[in-house]
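Input: a single structure, listed below in structure tokens.
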Amino acid sequence: MPIDPLASAAIDPQRIFVFLFLMLGPVKILMPFVEMTRHGDAAFRRQIADRAILFSAAALLLAAVIGDNMIANFGIPLPVLILAAGLILFLVALNTILEQFTALPLPKPEIAPRDLRSLAARLAFPIVVTPSGVAAIIVFCALAKNDVR
């Protein structure tokens with residue numbers, strides 16, 4: 001009996017949550033957030049966090065819509081998307097492992113602007129919204145659209 005590779009392509013919501021938690025997750029955001037808001041009060045930190053979340057959500061939603069339209073326009077088949085998803089997840093995992101062995105960057109002097117919009121944008125891009133996270137969102141949206149259960 002032949003095995004259908006597309007039958008195992010369905011990814012349940014729990015796995016998608018874990019993948020996105022690892023790629024867009026809050027753990028890697030903590031240190032940059034603390035560094036950017038070191039001299040601010042609690043209200044300032046809350047405003048930065050709120051705006052960064054809104055910027056990130058809007059960017060990911062825009063990426064999902066544009067990416068889904070591009071995939072439909074170019075007629076990319078589902079097996080190619082499955083392969084792309086596997087490669088993306090492999091590269092993210094490999095990057096996570098290799099980050100352990102890189103030297104820590106030297107602390108930079110505080111010359112960054114202190115206004116709300118620029119700090120939120122610097123936190124949202126590329127710390128929250130990473131290129132691999134955007135690619136994963138596009139692939140997961142395409143897979144979800146083609147998932148027939």
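Chain identifiers are assigned as A, B, and so on, following the order in which chains appear in the structure tokens; residues are numbered from 1 within each chain, and ligands are numbered from 1 in order of appearance.
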
Exercise. Could you give me, as JSON, numbers by chain, each residue of chain A that DSSP assigns to alpha helix (DSSP H) when run on this structure's backbone?
Key: {"A": [13, 14, 15, 16, 17, 18, 19, 20, 21, 22, 23, 24, 30, 31, 32, 33, 34, 35, 36, 42, 43, 44, 45, 46, 47, 48, 49, 50, 51, 52, 53, 54, 55, 56, 57, 58, 59, 60, 61, 62, 63, 64, 65, 66, 67, 68, 69, 70, 71, 72, 73, 74, 78, 79, 80, 81, 82, 83, 84, 85, 86, 87, 88, 89, 90, 91, 92, 93, 94, 95, 96, 97, 98, 116, 117, 118, 119, 120, 121, 122, 131, 132, 133, 134, 135, 136, 137, 138, 139, 140, 141, 142, 143, 144, 145, 146]}

Exercise. With a distance cut-off of 9 Å and only C-alpha atoms, select the neighbouring residues of segment 52-60 of chain A, excluding the residue or stretch itself and same-chain residues fewer than 5 positions from it, and output the selection as a ChimeraX atom specification.
Key: /A:47,65,117,119-125,128-129,133-134,137-138

Would you export the selected residues with N, CA and C atoms as a PDB file, in the first residue's frame, please?
```pdb
ATOM      1  N   GLN A  47       4.026  50.464  27.529  1.00  0.00           N
ATOM      2  CA  GLN A  47       3.731  51.047  26.221  1.00  0.00           C
ATOM      3  C   GLN A  47       4.621  50.442  25.137  1.00  0.00           C
ATOM      4  N   VAL A  65      -0.900  37.074   4.646  1.00  0.00           N
ATOM      5  CA  VAL A  65      -1.801  37.374   3.527  1.00  0.00           C
ATOM      6  C   VAL A  65      -1.008  37.503   2.226  1.00  0.00           C
ATOM      7  N   ARG A 117       7.984  54.942  19.461  1.00  0.00           N
ATOM      8  CA  ARG A 117       7.803  54.258  18.179  1.00  0.00           C
ATOM      9  C   ARG A 117       9.076  53.554  17.720  1.00  0.00           C
ATOM     10  N   LEU A 119      11.696  52.533  19.505  1.00  0.00           N
ATOM     11  CA  LEU A 119      12.047  51.399  20.366  1.00  0.00           C
ATOM     12  C   LEU A 119      11.127  50.207  20.105  1.00  0.00           C
ATOM     13  N   ALA A 120       9.837  50.464  19.923  1.00  0.00           N
ATOM     14  CA  ALA A 120       8.904  49.365  19.652  1.00  0.00           C
ATOM     15  C   ALA A 120       9.207  48.719  18.308  1.00  0.00           C
ATOM     16  N   ALA A 121       9.544  49.531  17.315  1.00  0.00           N
ATOM     17  CA  ALA A 121       9.879  48.976  16.003  1.00  0.00           C
ATOM     18  C   ALA A 121      11.172  48.174  16.060  1.00  0.00           C
ATOM     19  N   ARG A 122      12.182  48.649  16.808  1.00  0.00           N
ATOM     20  CA  ARG A 122      13.431  47.899  16.941  1.00  0.00           C
ATOM     21  C   ARG A 122      13.227  46.599  17.705  1.00  0.00           C
ATOM     22  N   LEU A 123      12.261  46.572  18.611  1.00  0.00           N
ATOM     23  CA  LEU A 123      11.961  45.340  19.334  1.00  0.00           C
ATOM     24  C   LEU A 123      11.177  44.370  18.454  1.00  0.00           C
ATOM     25  N   ALA A 124      10.260  44.909  17.660  1.00  0.00           N
ATOM     26  CA  ALA A 124       9.424  44.044  16.815  1.00  0.00           C
ATOM     27  C   ALA A 124      10.210  43.446  15.656  1.00  0.00           C
ATOM     28  N   PHE A 125      11.060  44.258  15.019  1.00  0.00           N
ATOM     29  CA  PHE A 125      11.822  43.808  13.848  1.00  0.00           C
ATOM     30  C   PHE A 125      13.295  43.924  14.141  1.00  0.00           C
ATOM     31  N   VAL A 128      11.351  40.033  17.341  1.00  0.00           N
ATOM     32  CA  VAL A 128      10.139  39.215  17.407  1.00  0.00           C
ATOM     33  C   VAL A 128       9.836  38.612  16.041  1.00  0.00           C
ATOM     34  N   VAL A 129       9.770  39.451  15.036  1.00  0.00           N
ATOM     35  CA  VAL A 129       9.440  39.007  13.682  1.00  0.00           C
ATOM     36  C   VAL A 129      10.751  38.709  12.948  1.00  0.00           C
ATOM     37  N   GLY A 133      10.667  33.155  11.078  1.00  0.00           N
ATOM     38  CA  GLY A 133       9.303  33.172  11.597  1.00  0.00           C
ATOM     39  C   GLY A 133       8.297  33.580  10.534  1.00  0.00           C
ATOM     40  N   VAL A 134       8.653  34.565   9.727  1.00  0.00           N
ATOM     41  CA  VAL A 134       7.780  34.988   8.633  1.00  0.00           C
ATOM     42  C   VAL A 134       7.607  33.844   7.627  1.00  0.00           C
ATOM     43  N   ILE A 137       5.309  31.236   9.101  1.00  0.00           N
ATOM     44  CA  ILE A 137       3.911  31.678   9.073  1.00  0.00           C
ATOM     45  C   ILE A 137       3.313  31.465   7.683  1.00  0.00           C
ATOM     46  N   ILE A 138       4.065  31.829   6.661  1.00  0.00           N
ATOM     47  CA  ILE A 138       3.572  31.669   5.285  1.00  0.00           C
ATOM     48  C   ILE A 138       3.341  30.195   4.963  1.00  0.00           C
TER      49      ILE A 138
END
```

Exercise. Could you tell me which of A:Phe140, A:Leu91, A:Glu99, A:Asp41 comes closest to Phe17 of chain A if we count only C-alpha atoms?
Key: A:Phe140

Exercise. May I ask which of the residues A:Phe44, A:Ala135, A:Ala142, A:Thr130 is the closest one to Ile29 of chain A, counting only C-alpha atoms?
Key: A:Thr130

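The space separating atom CA of Ala103 of chain A from atom CA of Thr37 of chain A comes to 23.9 Å.
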
Self-check item: Near-segment 71-84 of chain A list (7 Å; only C-alpha atoms; drop same-chain fewer than 3 positions) as a count of residues only
Solution: 6

Practice problem: Determine the nearest neighbour of Ile48 of chain A from the options A:Val34, A:Leu98, A:Asn146, A:Met70, counting only C-alpha atoms. | Solution: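 The answer is A:Val34, which sits nearest to Ile48 of chain A.
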